[in-house]
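*Asks:* Following this line is target-v9.txt, made up of compact mmCIF, C-alpha atoms:
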```txt
# COMPACT_ATOMS: atom_id res chain seq x y z
CA MET A 13 9.57 -55.96 19.49
CA LEU A 14 6.71 -53.56 20.00
CA PRO A 15 3.25 -55.11 20.15
CA PRO A 16 1.35 -54.80 16.87
CA LEU A 17 -1.56 -52.39 17.06
CA SER A 18 -4.15 -51.92 14.38
CA PRO A 19 -6.60 -49.08 14.79
CA SER A 20 -7.21 -49.43 11.03
CA GLY A 21 -10.42 -51.24 10.34
CA LEU A 22 -12.29 -48.69 12.42
CA LEU A 23 -12.89 -46.65 9.30
CA ALA A 24 -12.74 -47.48 5.61
CA ASN A 25 -9.45 -46.29 4.16
CA SER A 26 -8.88 -46.97 0.48
CA LEU A 27 -5.53 -45.16 0.76
CA ASP A 28 -4.09 -48.51 1.85
CA ARG A 29 -3.88 -49.64 -1.78
CA LEU A 30 -1.53 -46.74 -2.65
CA LEU A 31 2.21 -47.37 -2.76
CA GLY A 32 2.97 -43.79 -1.68
CA TYR A 33 0.69 -44.04 1.34
CA GLN A 34 2.12 -47.40 2.43
CA LEU A 35 5.66 -46.02 2.06
CA ARG A 36 4.83 -43.00 4.15
CA ARG A 37 3.22 -45.05 6.93
CA ALA A 38 6.06 -47.62 6.97
CA SER A 39 8.67 -44.87 6.99
CA ALA A 40 6.87 -43.05 9.83
CA VAL A 41 6.89 -46.23 11.93
CA MET A 42 10.63 -46.76 11.35
CA MET A 43 11.39 -43.06 12.01
CA ALA A 44 9.43 -43.14 15.28
CA ASP A 45 11.30 -46.28 16.34
CA LEU A 46 14.67 -44.71 15.44
CA ALA A 47 13.78 -41.52 17.31
CA ARG A 48 13.01 -43.60 20.41
CA GLU A 49 16.31 -45.48 20.03
CA LEU A 50 18.22 -42.19 19.78
CA ALA A 51 16.34 -40.37 22.54
CA ASP A 52 18.89 -41.39 25.21
CA ILE A 53 21.67 -39.58 23.38
CA GLU A 54 19.42 -36.57 22.75
CA LEU A 55 19.85 -36.55 19.00
CA ARG A 56 17.19 -36.58 16.33
CA PRO A 57 17.45 -38.90 13.32
CA ALA A 58 18.35 -36.03 10.96
CA GLU A 59 21.12 -34.89 13.31
CA VAL A 60 22.56 -38.39 13.55
CA THR A 61 22.53 -38.95 9.80
CA ALA A 62 24.39 -35.65 9.28
CA LEU A 63 26.88 -36.63 11.98
CA LEU A 64 27.53 -39.98 10.27
CA VAL A 65 28.14 -38.33 6.90
CA VAL A 66 30.68 -35.95 8.49
CA ALA A 67 32.31 -38.94 10.21
CA GLU A 68 32.75 -40.70 6.88
CA ASN A 69 33.85 -37.58 5.02
CA PRO A 70 36.18 -35.48 7.17
CA GLY A 71 36.55 -31.98 5.75
CA CYS A 72 33.27 -32.02 3.83
CA SER A 73 31.13 -28.89 3.62
CA GLN A 74 27.64 -28.31 5.03
CA THR A 75 26.39 -27.98 1.45
CA GLU A 76 27.77 -31.38 0.51
CA VAL A 77 26.18 -33.01 3.57
CA GLY A 78 22.84 -31.48 2.61
CA GLN A 79 23.19 -32.71 -0.97
CA VAL A 80 23.98 -36.29 -0.04
CA LEU A 81 21.11 -36.41 2.46
CA GLY A 82 18.57 -34.57 0.29
CA ILE A 83 18.13 -31.88 2.95
CA LYS A 84 17.52 -28.28 1.90
CA ARG A 85 20.11 -25.67 2.76
CA ALA A 86 17.75 -23.84 5.15
CA ASN A 87 17.04 -27.09 7.01
CA MET A 88 20.75 -27.99 7.26
CA VAL A 89 21.61 -24.82 9.19
CA PRO A 90 19.94 -25.76 12.51
CA ILE A 91 21.18 -29.36 12.22
CA VAL A 92 24.84 -28.33 11.87
CA SER A 93 24.42 -25.62 14.54
CA ARG A 94 23.05 -28.16 16.99
CA LEU A 95 25.93 -30.60 16.32
CA MET A 96 28.44 -27.76 16.86
CA ASP A 97 26.68 -26.55 20.02
CA ARG A 98 26.82 -30.09 21.36
CA GLY A 99 30.57 -30.14 20.66
CA LEU A 100 30.25 -33.11 18.28
CA ILE A 101 31.66 -31.44 15.17
CA ASP A 102 33.76 -28.38 14.49
CA ARG A 103 34.07 -26.21 11.47
CA GLU A 104 37.18 -24.54 10.10
CA ARG A 105 37.61 -22.30 7.09
CA ALA A 106 38.80 -24.52 4.26
CA ASP A 107 39.12 -22.03 1.43
CA GLY A 108 37.53 -18.84 0.23
CA ARG A 109 34.05 -20.32 -0.12
CA SER A 110 33.31 -23.03 2.43
CA HIS A 111 33.99 -24.50 5.85
CA ALA A 112 35.36 -27.97 6.45
CA LEU A 113 33.40 -30.04 8.95
CA ARG A 114 35.12 -32.60 11.18
CA LEU A 115 34.19 -34.77 14.13
CA THR A 116 35.54 -33.83 17.54
CA ASP A 117 36.71 -36.59 19.92
CA THR A 118 33.36 -36.32 21.70
CA GLY A 119 31.67 -36.60 18.32
CA ALA A 120 33.62 -39.78 17.50
CA ALA A 121 32.41 -41.41 20.74
CA VAL A 122 28.82 -40.41 20.02
CA VAL A 123 29.11 -41.78 16.47
CA ALA A 124 30.16 -45.18 17.82
CA ASP A 125 27.18 -45.22 20.21
CA ALA A 126 24.77 -43.98 17.52
CA LYS A 127 25.92 -46.66 15.05
CA ALA A 128 25.15 -49.39 17.61
CA ARG A 129 21.70 -47.90 18.22
CA ILE A 130 20.96 -47.64 14.49
CA GLU A 131 22.06 -51.24 14.04
CA ARG A 132 19.66 -52.45 16.78
CA HIS A 133 16.82 -50.45 15.21
CA GLU A 134 17.61 -51.76 11.73
CA GLN A 135 17.77 -55.38 12.93
CA ARG A 136 14.34 -55.15 14.57
CA PHE A 137 12.83 -54.42 11.17
CA SER A 138 15.06 -56.35 8.77
CA HIS A 139 14.38 -59.50 10.82
CA LEU A 140 10.73 -59.26 9.81
CA PHE A 141 11.60 -60.40 6.27
CA ASP A 142 13.24 -63.28 4.47
CA ALA A 143 16.34 -62.63 2.35
CA ASP A 144 14.41 -62.44 -0.95
CA THR A 145 11.96 -59.85 0.36
CA LEU A 146 14.76 -57.76 1.87
CA ALA A 147 16.64 -57.89 -1.43
CA ALA A 148 13.48 -56.82 -3.29
CA LEU A 149 13.03 -53.84 -0.93
CA HIS A 150 16.68 -52.83 -1.24
CA ALA A 151 16.40 -53.02 -5.03
CA ALA A 152 13.08 -51.19 -5.36
CA LEU A 153 13.43 -48.29 -2.93
CA PRO A 154 16.45 -46.69 -4.67
CA VAL A 155 14.49 -46.80 -7.96
CA ILE A 156 11.82 -44.59 -6.38
CA ARG A 157 14.44 -42.36 -4.82
CA ALA A 158 16.25 -41.90 -8.14
CA GLN A 159 13.16 -40.30 -9.67
CA ARG A 160 13.95 -37.10 -7.89
CA GLU A 161 16.82 -36.61 -5.49
CA ASP A 162 16.44 -32.89 -4.98
CA ALA A 163 14.01 -30.83 -2.97
CA GLU A 164 12.79 -33.45 -0.55
CA GLY A 165 12.77 -31.42 2.60
CA MET B 4 8.68 -38.32 -15.51
CA LEU B 5 11.19 -36.15 -13.73
CA PRO B 6 14.80 -36.51 -14.83
CA PRO B 7 16.84 -38.71 -12.50
CA LEU B 8 19.40 -36.77 -10.51
CA SER B 9 22.06 -38.31 -8.36
CA PRO B 10 24.07 -36.01 -6.15
CA SER B 11 24.94 -39.15 -4.16
CA GLY B 12 28.39 -40.34 -5.00
CA LEU B 13 29.78 -36.95 -4.06
CA LEU B 14 30.33 -38.17 -0.52
CA ALA B 15 30.51 -41.61 1.02
CA ASN B 16 27.19 -42.51 2.60
CA SER B 17 26.98 -45.91 4.22
CA LEU B 18 23.41 -45.06 5.29
CA ASP B 19 22.35 -46.36 1.86
CA ARG B 20 22.52 -49.94 3.14
CA LEU B 21 19.88 -49.22 5.80
CA LEU B 22 16.26 -50.17 5.12
CA GLY B 23 14.99 -47.30 7.28
CA TYR B 24 17.07 -44.74 5.42
CA GLN B 25 16.03 -46.05 2.00
CA LEU B 26 12.37 -45.99 3.08
CA ARG B 27 12.66 -42.42 4.30
CA ARG B 28 14.32 -41.22 1.11
CA ALA B 29 11.86 -43.04 -1.16
CA SER B 30 8.91 -41.76 0.85
CA ALA B 31 10.27 -38.19 0.72
CA VAL B 32 10.52 -38.39 -3.07
CA MET B 33 6.92 -39.63 -3.41
CA MET B 34 5.65 -37.06 -0.89
CA ALA B 35 7.38 -34.23 -2.78
CA ASP B 36 5.87 -35.48 -6.04
CA LEU B 37 2.40 -35.70 -4.48
CA ALA B 38 2.74 -32.22 -2.99
CA ARG B 39 3.56 -30.87 -6.46
CA GLU B 40 0.58 -32.72 -7.94
CA LEU B 41 -1.74 -31.22 -5.30
CA ALA B 42 -0.29 -27.70 -5.37
CA ASP B 43 -2.85 -26.51 -7.95
CA ILE B 44 -5.73 -27.29 -5.59
CA GLU B 45 -3.86 -25.71 -2.67
CA LEU B 46 -4.05 -28.73 -0.42
CA ARG B 47 -1.23 -30.54 1.32
CA PRO B 48 -0.99 -34.35 1.25
CA ALA B 49 -2.10 -34.65 4.90
CA GLU B 50 -5.14 -32.47 4.21
CA VAL B 51 -6.12 -34.52 1.18
CA THR B 52 -5.77 -37.85 3.00
CA ALA B 53 -8.00 -36.56 5.81
CA LEU B 54 -10.51 -35.31 3.23
CA LEU B 55 -10.59 -38.72 1.54
CA VAL B 56 -11.20 -40.52 4.85
CA VAL B 57 -14.14 -38.19 5.62
CA ALA B 58 -15.46 -38.80 2.09
CA GLU B 59 -15.43 -42.55 2.67
CA ASN B 60 -16.82 -42.34 6.20
CA PRO B 61 -19.57 -39.69 6.43
CA GLY B 62 -20.30 -38.82 10.05
CA CYS B 63 -16.91 -39.93 11.39
CA SER B 64 -15.19 -37.97 14.15
CA GLN B 65 -11.92 -36.05 13.99
CA THR B 66 -10.47 -38.54 16.49
CA GLU B 67 -11.34 -41.48 14.25
CA VAL B 68 -9.76 -39.79 11.21
CA GLY B 69 -6.58 -39.22 13.23
CA GLN B 70 -6.54 -42.85 14.38
CA VAL B 71 -6.91 -44.32 10.91
CA LEU B 72 -4.21 -42.02 9.49
CA GLY B 73 -1.80 -42.32 12.44
CA ILE B 74 -1.90 -38.56 13.02
CA LYS B 75 -1.70 -37.20 16.56
CA ARG B 76 -4.68 -35.31 17.96
CA ALA B 77 -2.74 -32.03 18.14
CA ASN B 78 -1.73 -32.35 14.49
CA MET B 79 -5.29 -33.18 13.37
CA VAL B 80 -6.70 -29.88 14.69
CA PRO B 81 -5.13 -27.57 12.05
CA ILE B 82 -5.86 -30.08 9.28
CA VAL B 83 -9.59 -30.23 10.06
CA SER B 84 -9.71 -26.46 10.65
CA ARG B 85 -8.18 -25.82 7.26
CA LEU B 86 -10.66 -28.16 5.52
CA MET B 87 -13.56 -26.41 7.29
CA ASP B 88 -12.18 -22.93 6.47
CA ARG B 89 -11.95 -23.97 2.83
CA GLY B 90 -15.60 -25.06 2.97
CA LEU B 91 -14.73 -28.66 2.05
CA ILE B 92 -16.14 -30.33 5.16
CA ASP B 93 -18.58 -29.37 7.87
CA ARG B 94 -18.99 -30.53 11.40
CA GLU B 95 -22.19 -31.04 13.34
CA ARG B 96 -22.73 -32.18 16.91
CA ALA B 97 -23.38 -35.91 16.75
CA ASP B 98 -23.88 -36.76 20.40
CA GLY B 99 -22.66 -35.59 23.78
CA ARG B 100 -18.99 -36.28 23.04
CA SER B 101 -18.08 -35.76 19.42
CA HIS B 102 -18.77 -33.99 16.14
CA ALA B 103 -19.69 -35.72 12.92
CA LEU B 104 -17.63 -34.69 9.89
CA ARG B 105 -19.16 -34.66 6.41
CA LEU B 106 -18.14 -33.46 2.95
CA THR B 107 -19.83 -30.37 1.58
CA ASP B 108 -20.78 -30.25 -2.13
CA THR B 109 -17.62 -28.21 -2.76
CA GLY B 110 -15.69 -30.87 -0.85
CA ALA B 111 -17.13 -33.63 -3.01
CA ALA B 112 -15.95 -31.85 -6.18
CA VAL B 113 -12.46 -31.37 -4.71
CA VAL B 114 -12.34 -35.05 -3.70
CA ALA B 115 -13.02 -36.10 -7.29
CA ASP B 116 -10.23 -33.83 -8.55
CA ALA B 117 -7.83 -34.93 -5.79
CA LYS B 118 -8.44 -38.62 -6.54
CA ALA B 119 -7.51 -38.10 -10.20
CA ARG B 120 -4.33 -36.28 -9.14
CA ILE B 121 -3.38 -39.01 -6.66
CA GLU B 122 -3.96 -41.63 -9.33
CA ARG B 123 -1.62 -39.85 -11.78
CA HIS B 124 1.03 -39.54 -9.07
CA GLU B 125 0.65 -43.20 -8.07
CA GLN B 126 0.91 -44.40 -11.69
CA ARG B 127 4.15 -42.49 -12.27
CA PHE B 128 5.76 -44.58 -9.55
CA SER B 129 3.98 -47.92 -9.79
CA HIS B 130 4.91 -48.05 -13.48
CA LEU B 131 8.57 -48.23 -12.44
CA PHE B 132 8.09 -51.84 -11.30
CA ASP B 133 6.98 -55.19 -12.65
CA ALA B 134 3.97 -56.90 -11.06
CA ASP B 135 6.07 -59.17 -8.80
CA THR B 136 8.06 -56.29 -7.36
CA LEU B 137 4.93 -54.22 -6.78
CA ALA B 138 3.30 -57.18 -5.04
CA ALA B 139 6.40 -57.62 -2.85
CA LEU B 140 6.29 -53.94 -1.87
CA HIS B 141 2.57 -54.06 -1.11
CA ALA B 142 3.12 -57.17 1.03
CA ALA B 143 6.20 -55.93 2.91
CA LEU B 144 5.30 -52.31 3.74
CA PRO B 145 2.22 -53.15 5.86
CA VAL B 146 4.39 -55.59 7.87
CA ILE B 147 6.64 -52.69 8.88
CA ARG B 148 3.65 -50.49 9.55
CA ALA B 149 2.03 -53.11 11.78
CA GLN B 150 4.98 -52.98 14.19
CA ARG B 151 3.65 -49.76 15.60
CA GLU B 152 0.60 -47.95 14.39
CA ASP B 153 0.46 -45.30 17.08
CA ALA B 154 2.44 -42.14 17.68
CA GLU B 155 3.84 -41.60 14.21
CA GLY B 156 3.35 -37.87 13.95
```
Go ahead and express the file in the form of structure tokens.

*Replies:*
Amino acid sequence: MLPPLSPSGLLANSLDRLLGYQLRRASAVMMADLARELADIELRPAEVTALLVVAENPGCSQTEVGQVLGIKRANMVPIVSRLMDRGLIDRERADGRSHALRLTDTGAAVVADAKARIERHEQRFSHLFDADTLAALHAALPVIRAQREDAEG
Amino acid sequence: MLPPLSPSGLLANSLDRLLGYQLRRASAVMMADLARELADIELRPAEVTALLVVAENPGCSQTEVGQVLGIKRANMVPIVSRLMDRGLIDRERADGRSHALRLTDTGAAVVADAKARIERHEQRFSHLFDADTLAALHAALPVIRAQREDAEG
């Protein structure tokens, strides 16, 4: 595990008592760790999550992937383009209104590798907690998320 | 409170079992809510957090503010510039190596308003939980954060 650092304490910071601030800082630490874990396969966390949703839902549309991940349409475009440029997914016309996304064989191999990396990352953090605390986190975080699923980013 | 929406369920998404993913989604929801709460005073969450740290630590340097908030030097520059352009903070040479940041009178008035807005935002979410769950969140999130305080963004 990474060595704990604590530059806090240098300055007073009453933000620490805020749930939103603690969530943001904790999420930033996990995102930075995931980004490092994925750096070898040259994919960003948002690209990998989109790839995994396509892997689980062959034939889904870009719009559906964006909806399930809470990513705005404009932000989905470069993510899907990058995955196509890398040859990890392809897109075929499904009907009059949308394109069906599917993994390529290369994409399937990258998904297997990415899942192992995500699992290592997840274990590093979930091992910090006992079962009760983990269960409390897994119960509480979706309650926050359910307050507003749209328009996150 | 905002009406709960749940576009999830459209597609399979096994990411939901991941702590990191749940943290990111919950944090995005709170950040979007905070951004809406702060929109009237035309400040972004990162600008307001920097303003609050300066308010609590008169004479601190831009580097120190970045350290306590986990914001990279390059990302602090536009934040401090914007706060100076808005006339909320000023900067005077403190010694040979750094500038001391202080609130202006306008800045002090905006801080009071921003604190009330942050409090309303925080209450909307903390009221979702009983005292035990809130205590568990406030105990667990700093443990994640302590794994790596540097290089978040």

*Asks:* Taking only C-alpha atoms into account, which of A:Val122, A:Ile156, A:Ala128, A:Leu63 comes nearest chain B?

*Replies:*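 Closest candidate: A:Ile156.
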
*Asks:* Go ahead and compute the interatomic distance for CA of Val89 in chain A and CA of Arg132 in chain A, in Å to one decimal.

*Replies:*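 These atoms are spaced 28.7 Å apart.
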
*Asks:* Just how far from CA of Leu137 in chain B is CA of Val32 in chain B, in Å to one decimal?

*Replies:*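 Atom-to-atom, CA of Val32 in chain B to CA of Leu137 in chain B, that is 17.2 Å.
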
*Asks:* To one decimal in Å, tell me the separation between CA of Thr61 in chain A and CA of Leu26 in chain B.

*Replies:* 14.1 Å

*Asks:* Would you mind telling me which residue in A:Leu31, A:Thr116, A:Arg94, A:Ala47 lies nearest to His130 in chain B when using all atoms listed in the file?

*Replies:*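 Ranked by minimum distance to His130 in chain B, first place goes to A:Leu31.
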
*Asks:* Can you pull out every residue within 9 Å of range 86-93 of chain B, counting only C-alpha atoms, but drop anything in the same chain fewer than 5 positions away, and send it as a list in words?

*Replies:*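 The residues that qualify are Leu46, Glu50, Val51, Ala53, Leu54, Val57, Pro81, Ala103, Leu104, Arg105, Leu106, Thr107, Asp108, Thr109, Gly110, Ala111, Ala112, Val113 and Val114 of chain B.
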
*Asks:* Within 10 Å of (26.0, -29.9, -0.2) (file coordinates; all atoms listed in the file), which protein or nucleic acid residues are there? I'd like them as an MDAnalysis selection string.

*Replies:* (chainID A and resid 72:85 88) or (chainID B and resid 10 13:14)

*Asks:* Hey, which of A:Ile130, A:Ala158, A:Ala106, A:Ile91 ends up closest to chain B? Count all atoms listed in the file.

*Replies:*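 With all atoms listed in the file as the atom set, the closest residue is A:Ala158.
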
*Asks:* Could you tell me which of A:Leu27, A:Val92, A:Ala126, A:Ala38 comes closest to Pro57 in chain A if we count only C-alpha atoms?

*Replies:*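 Nearest candidate to Pro57 in chain A out of A:Leu27, A:Val92, A:Ala126, A:Ala38: A:Ala126.
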
*Asks:* Check the smallest atom-to-atom distance from each of A:Ala143, A:Arg105, A:Glu54, A:Val65 to chain B using only C-alpha atoms, then report the winner.

*Replies:*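 Looking only at the distances to chain B, the closest residue turns out to be A:Val65.
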
*Asks:* For a quick check of understanding, using all atoms listed in the file, which of B:Ser84, B:Ser101, B:Ser17, B:Gln150 has the smallest distance to chain A?

*Replies:*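 Of the candidates, the smallest distance to chain A is held by B:Gln150.
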
*Asks:* Which residues are close to Ala31 in chain B, i.e. within 9 Å by all atoms listed in the file, leaving aside same-chain residues fewer than 2 positions away? Reply as an NGL selection string.

*Replies:* (:A and (36 or 157 or 164-165)) or (:B and (26-29 or 33-36))
